[in-house]
Amino acid sequence: MRTKVQPICLRGVWGPAVGLLVFAVVSGCVSPGGKVAEKLSELRPQWHTSAVHQASLPERILDWDAAVRHLRDHNLTLRRARVEVTNAHENYRQVFKDLLPQVTLRSGISQTIGEISATTWDDVAFDVFGFMNIPGLVSFHTRYFAARLAVLRAHTLHELAEREQTIELYKLMLSYGEHQDAMAALQLEQRFASAVRAVDEISGQVLQRAAEQRELTLTREREALQQRAGDLLGDRRWQWTLSTNGAPAFSYDAEPLPVSDTNRIAKLQLRLVAIELVGVWARVTGIKLQYWPDLRVFLTAPPVYQRRGGNETFFDPEEIRVTAEVFWRLDTRGQIGRQLRQARRDEELRVARIRQEALALIDRILTAQKLLADVRTEIDELNQLIPIVESIAPPADFASIVSAAETRRGLRDQERRLRREMADLNMLFWFVDENKWNQDDKVF
């Protein structure tokens with residue numbers, strides 16, 4: 001008995017396809033202006049809420065340990081460095097994942113206009129293909145080597161970024177401390193102006209006016225510190241106050257760093273230099289490998305599953321065809337030779353630049369060691385001089401009063417400048433001092 005196949009209705013077969021087509025057309029017809037307006041309607045309430053919150057930020061005080069934790073969790077530079085590490089690991093794993101078979105599904109139909117009404121499921125073609133990419137031995141090893149080197153470089157750059165951002169945090173904390181000292185000195189100036197005003201109204205008003213101008217300057221500095229803290233900590237939801245409680249102390253002036261000891265100095269920086277040099281070598285070597293023959297293996301297999309015209313076929317392992325060939329590219333046009341010459345020129349320049357940067361870092365360390373003792377001596381002398389000057393009774397005439405006030409302020413500003421210079425020198429030593437970071441070399 002022969003069964004007659006009834007043609008399926010247009011709604012049953014074409015309904016989903018028509019729906020997808022309509023969705024694609026509607027999506028494509030949405031104007032960019034309309035989408036932007038939609039996003040603006042979402043952003044305006046968020047802006048209003050943020051404006052209200054930023055106008056009266058709650059205060060949050062962080063000591064050193066809490067600030068470092070917040071920095072590592074929210075700092076955008078460190079987050080970017082961690083993303084690069086993750087991406088490098090994914091690219092490394094992808095080298096091996098590309099060896100796995102890739103399955104592709106394909107379905108389609110081809111009918112004339114007159115045949116559409118009589119369309120059945122037998123007219124729908126469906127194929128499942130499996131593809132497997134087996135790279136050449138030379139090209140696979142080159143990609144594998146580059147991926148591993150990229151992982152090493154990403155880890156090293158992340159460690160360097162963490163050191164740099166931690167040092168910036170330390171400098172910011174010192175700036176907060178300097179600002180507090182400046183505010184305390186301003187209070188002394190204001191009390192001094194009030195005392196002078198009790199004796200000489202005009203002189204006291206002039207000093208009070210100068211103190212008010214200085215207070216305005218310090219207010220601007222406070223806002224600048226707040227902006228720096230928000231950028232560095234990656235969080236602007238608070239009015240930050242940073243405390244140096246728990247911050248590391250340094251004694252590089254009493255215990256100079258051994259510049260020639262590579263087990264103590266600049267291990268991380270040297271690792272990055274080594275990675276860069278290996279990268280330069282790998283690029284030149286990769287070009288040279290183009291002169292060598294490469295073995296390629298191809299697998300040609302039938303479809304995993306195929307349905308056409310109502311007939312179904314399945315995968316047959318006996319139909320798998322293996323093809324191997326040796327590919328050898330002769331450089332008759334000189335392209336490989338040109339690439340090699342250019343790469344060697346670039347290699348020479350990059351090696352020279354890397355060497356210059358390393359020597360510049362050594363020079364900075366040696367120069368800083370020479371300056372450190374002198375700066376410490378000047379700070380100690382100022383610390384002895386400032387109490388003596390501030391203990392002198394105020395003079396009687398206005399000119400002497402103003403001169404004495406400027407002398408005190410100048411000494412305090414000079415002390416802050418020297419302390420800032422001392423901090424910069426210590427930060428340079430800290431950056432290259434492996435003992436302060438307690439991190440071993442991470443080799444992947």
# chains A, B, ... in the order shown; residues from 1 in each chain; ligands from 1
>>> residues_around(residues="A:Ala195", least_positions_apart="4", cutoff="8 Å", atoms="only C-alpha atoms", output="PyMOL selection string")
chain A and resi 191+199+204
>>> write_last_selection(atoms="C-alpha atoms", output="short mmCIF file (atom, residue, chain, number, x, y, z; two decimals), in the first residue's frame")
data_model
loop_
_atom_site.label_atom_id
_atom_site.label_comp_id
_atom_site.auth_asym_id
_atom_site.auth_seq_id
_atom_site.Cartn_x
_atom_site.Cartn_y
_atom_site.Cartn_z
CA ARG A 191 46.08 82.21 66.03
CA VAL A 199 47.87 94.63 69.53
CA GLY A 204 46.37 91.61 62.28
#
>>> select_by_dssp(residues="stretch 188-313 of chain A", states="strand (DSSP E or B)", output="PDB file with C-alpha atoms, in the first residue's frame")
ATOM      1  CA  GLN A 239      34.888  61.367  50.667  1.00  0.00           C
ATOM      2  CA  TRP A 240      38.217  59.693  51.193  1.00  0.00           C
ATOM      3  CA  THR A 241      40.572  60.276  54.103  1.00  0.00           C
ATOM      4  CA  LEU A 242      43.747  58.229  53.916  1.00  0.00           C
ATOM      5  CA  ILE A 265      67.517  44.437  43.040  1.00  0.00           C
ATOM      6  CA  ASP A 294      56.594  22.136   7.127  1.00  0.00           C
ATOM      7  CA  LEU A 295      54.607  18.899   7.488  1.00  0.00           C
ATOM      8  CA  ARG A 296      50.857  19.271   7.063  1.00  0.00           C
ATOM      9  CA  VAL A 297      48.224  16.607   7.720  1.00  0.00           C
ATOM     10  CA  PHE A 298      44.674  16.846   6.358  1.00  0.00           C
ATOM     11  CA  LEU A 299      41.669  14.775   7.388  1.00  0.00           C
ATOM     12  CA  THR A 300      38.736  14.656   4.994  1.00  0.00           C
ATOM     13  CA  TYR A 305      24.721  13.257   9.406  1.00  0.00           C
ATOM     14  CA  GLN A 306      23.040  14.257   6.151  1.00  0.00           C
ATOM     15  CA  ARG A 307      19.427  14.408   5.093  1.00  0.00           C
ATOM     16  CA  ARG A 308      18.526  15.293   1.520  1.00  0.00           C
ATOM     17  CA  ASN A 311      17.181  10.174   2.388  1.00  0.00           C
ATOM     18  CA  GLU A 312      19.425  10.020   5.453  1.00  0.00           C
ATOM     19  CA  THR A 313      23.113   9.093   5.599  1.00  0.00           C
TER      20      THR A 313
END
>>> residues_around(residues="A:Leu172", least_positions_apart="2", cutoff="8 Å", atoms="only C-alpha atoms", output="compact mmCIF listing (two decimals) with C-alpha atoms, in the first residue's frame")
# COMPACT_ATOMS: atom_id res chain seq x y z
CA GLU A 168 51.16 55.88 43.89
CA LEU A 169 48.87 55.07 46.82
CA TYR A 170 51.75 55.56 49.24
CA LEU A 174 51.95 61.21 52.14
CA SER A 175 50.16 64.04 50.34
CA TYR A 176 47.22 63.65 52.70
CA LEU A 225 43.53 64.99 46.61
CA ARG A 228 43.31 61.61 42.85
CA ALA A 229 42.01 59.22 45.50
>>> closest_residue(among="A:Ala193, A:Val128, A:Asp231, A:Val206", to="A:Gln102", atoms="only C-alpha atoms")
A:Val128
>>> closest_residue(among="A:Ile287, A:Leu340, A:Ala182, A:Val322", to="A:Arg416", atoms="only C-alpha atoms")
A:Ala182
>>> closest_atom_pairs(of="stretch 259-303 of chain A", to="stretch 139-151 of chain A", cutoff="10 Å", atoms="only C-alpha atoms", output="CSV")
residue,atom,partner,partner_atom,distance
A:Ile275,CA,A:Leu149,CA,7.2
A:Glu276,CA,A:Leu149,CA,9.4
A:Val278,CA,A:Leu149,CA,8.3
A:Gly279,CA,A:Leu149,CA,7.5
A:Ala282,CA,A:Ala146,CA,7.8
A:Arg283,CA,A:Ala146,CA,9.2
A:Thr285,CA,A:Thr142,CA,9.2
A:Gly286,CA,A:Thr142,CA,6.9
A:Leu289,CA,A:Ser139,CA,8.8
A:Gln290,CA,A:Ser139,CA,9.3
A:Asp294,CA,A:Ser139,CA,7.9
A:Leu295,CA,A:Ser139,CA,9.4
A:Arg296,CA,A:Ser139,CA,9.7
>>> write_last_selection(atoms="N, CA and C atoms", output="compact mmCIF listing (two decimals), in the first residue's frame")
# COMPACT_ATOMS: atom_id res chain seq x y z
N ILE A 275 62.05 38.90 28.87
CA ILE A 275 60.90 38.53 28.05
C ILE A 275 60.89 39.33 26.76
N GLU A 276 61.19 40.62 26.85
CA GLU A 276 61.23 41.45 25.64
C GLU A 276 62.32 40.98 24.68
N VAL A 278 63.55 37.93 24.47
CA VAL A 278 63.11 36.66 23.89
C VAL A 278 62.06 36.91 22.80
N GLY A 279 61.19 37.89 23.04
CA GLY A 279 60.19 38.21 22.02
C GLY A 279 60.83 38.70 20.73
N ALA A 282 62.30 35.64 19.11
CA ALA A 282 61.27 34.76 18.56
C ALA A 282 60.74 35.30 17.23
N ARG A 283 60.63 36.61 17.13
CA ARG A 283 60.14 37.17 15.87
C ARG A 283 61.11 36.88 14.73
N THR A 285 63.36 34.46 14.66
CA THR A 285 63.39 33.02 14.45
C THR A 285 62.16 32.55 13.67
N GLY A 286 61.01 33.13 13.97
CA GLY A 286 59.80 32.77 13.25
C GLY A 286 59.90 33.06 11.76
N LEU A 289 62.14 30.38 10.18
CA LEU A 289 61.50 29.08 10.02
C LEU A 289 60.72 28.96 8.73
N GLN A 290 60.41 30.10 8.09
CA GLN A 290 59.72 30.03 6.81
C GLN A 290 60.60 29.41 5.73
N ASP A 294 57.56 22.37 6.06
CA ASP A 294 56.59 22.14 7.13
C ASP A 294 55.71 20.95 6.75
N LEU A 295 55.45 20.08 7.71
CA LEU A 295 54.61 18.90 7.49
C LEU A 295 53.16 19.25 7.82
N ARG A 296 52.27 18.99 6.87
CA ARG A 296 50.86 19.27 7.06
C ARG A 296 50.07 17.97 6.89
>>> select_by_dssp(residues="stretch 90-217 of chain A", states="alpha helix (DSSP H)", output="PyMOL selection string")
chain A and resi 90-97+137-199+201-217
>>> residues_around(residues="A:Ala185", least_positions_apart="2", cutoff="12 Å", atoms="only C-alpha atoms", output="list in words")
Glu178, His179, Gln180, Asp181, Ala182, Met183, Gln187, Leu188, Glu189, Gln190, Arg191, Phe192, Ala211, Arg214, Glu215, Leu218, Glu390, Ala405, Arg408, Arg409, Gly410, Leu411, Arg412, Asp413 and Arg416 of chain A
>>> residues_around(residues="A:Leu257", least_positions_apart="5", cutoff="12 Å", atoms="only C-alpha atoms", output="ChimeraX atom specification")
/A:250-252,262-266,362,365-366,368-370,372,425-426,428-436
>>> atom_distance(atom1="atom CA of A:Asp63", atom2="atom CA of A:Asp253")
25.5 Å
>>> closest_residue(among="A:Glu319, A:His53, A:Asp122, A:Asp363", to="A:Val304", atoms="only C-alpha atoms")
A:Glu319
>>> atom_distance(atom1="atom CA of A:Leu71", atom2="atom CA of A:Gly230")
10.3 Å
>>> atom_distance(atom1="atom CA of A:Ser56", atom2="atom CA of A:Glu221")
18.4 Å
>>> residues_around(residues="A:Gly108", least_positions_apart="2", cutoff="7 Å", atoms="only C-alpha atoms", output="JSON, numbers by chain")
{"A": [106, 110, 124, 125, 126]}
>>> write_last_selection(atoms="C-alpha atoms", output="PDB file, in the first residue's frame")
ATOM      1  CA  ARG A 106      23.510  23.593   8.091  1.00  0.00           C
ATOM      2  CA  SER A 110      15.512  25.555  -2.476  1.00  0.00           C
ATOM      3  CA  VAL A 124      14.398  20.455   3.640  1.00  0.00           C
ATOM      4  CA  ALA A 125      18.111  19.610   3.565  1.00  0.00           C
ATOM      5  CA  PHE A 126      20.001  19.172   6.814  1.00  0.00           C
TER       6      PHE A 126
END
>>> residues_around(residues="A:Arg79", least_positions_apart="3", cutoff="12 Å", atoms="only C-alpha atoms", output="list of chain:residue names")
A:His70, A:Leu71, A:Arg72, A:Asp73, A:His74, A:Asn75, A:Leu76, A:Arg82, A:Val83, A:Glu84, A:Val85, A:Thr86, A:His158, A:Glu159, A:Ala161, A:Glu162, A:Gln165, A:Leu232, A:Leu233, A:Gly234
>>> write_last_selection(atoms="N, CA and C atoms", output="compact mmCIF listing (two decimals), in the first residue's frame")
# COMPACT_ATOMS: atom_id res chain seq x y z
N HIS A 70 41.52 47.82 48.94
CA HIS A 70 40.58 48.51 48.06
C HIS A 70 41.23 48.81 46.71
N LEU A 71 42.49 49.16 46.74
CA LEU A 71 43.21 49.44 45.49
C LEU A 71 43.23 48.20 44.61
N ARG A 72 43.56 47.06 45.17
CA ARG A 72 43.67 45.84 44.36
C ARG A 72 42.31 45.39 43.83
N ASP A 73 41.25 45.70 44.53
CA ASP A 73 39.93 45.26 44.10
C ASP A 73 39.31 46.19 43.05
N HIS A 74 39.62 47.50 43.12
CA HIS A 74 38.88 48.46 42.31
C HIS A 74 39.72 49.28 41.34
N ASN A 75 41.03 49.33 41.53
CA ASN A 75 41.85 50.15 40.65
C ASN A 75 41.72 49.68 39.20
N LEU A 76 41.42 50.60 38.30
CA LEU A 76 41.15 50.22 36.91
C LEU A 76 42.41 49.72 36.20
N ARG A 82 44.76 42.46 35.14
CA ARG A 82 44.23 41.11 35.41
C ARG A 82 43.47 40.58 34.21
N VAL A 83 42.77 41.45 33.51
CA VAL A 83 42.08 41.02 32.28
C VAL A 83 43.09 40.54 31.24
N GLU A 84 44.21 41.25 31.13
CA GLU A 84 45.24 40.83 30.17
C GLU A 84 45.81 39.47 30.55
N VAL A 85 45.97 39.21 31.85
CA VAL A 85 46.45 37.90 32.29
C VAL A 85 45.44 36.82 31.91
N THR A 86 44.17 37.09 32.18
CA THR A 86 43.12 36.12 31.83
C THR A 86 43.08 35.87 30.33
N HIS A 158 51.48 42.63 35.12
CA HIS A 158 50.53 42.78 36.23
C HIS A 158 51.26 43.06 37.54
N GLU A 159 52.35 42.35 37.78
CA GLU A 159 53.11 42.58 39.00
C GLU A 159 53.71 43.99 39.01
N ALA A 161 52.51 46.61 37.42
CA ALA A 161 51.40 47.54 37.60
C ALA A 161 50.97 47.60 39.06
N GLU A 162 50.97 46.45 39.72
CA GLU A 162 50.59 46.44 41.14
C GLU A 162 51.60 47.22 41.98
N GLN A 165 51.04 51.08 41.16
CA GLN A 165 49.83 51.64 41.76
C GLN A 165 49.93 51.67 43.28
N LEU A 232 42.55 56.71 41.77
CA LEU A 232 43.46 55.64 42.15
C LEU A 232 42.73 54.46 42.77
N LEU A 233 41.76 54.74 43.63
CA LEU A 233 41.01 53.67 44.29
C LEU A 233 39.88 53.14 43.41
N GLY A 234 39.62 53.80 42.29
CA GLY A 234 38.57 53.33 41.40
C GLY A 234 37.19 53.41 42.00
>>> closest_residue(among="A:Leu268, A:Val103, A:Ala247, A:Ile379", to="A:Arg163", atoms="only C-alpha atoms")
A:Leu268
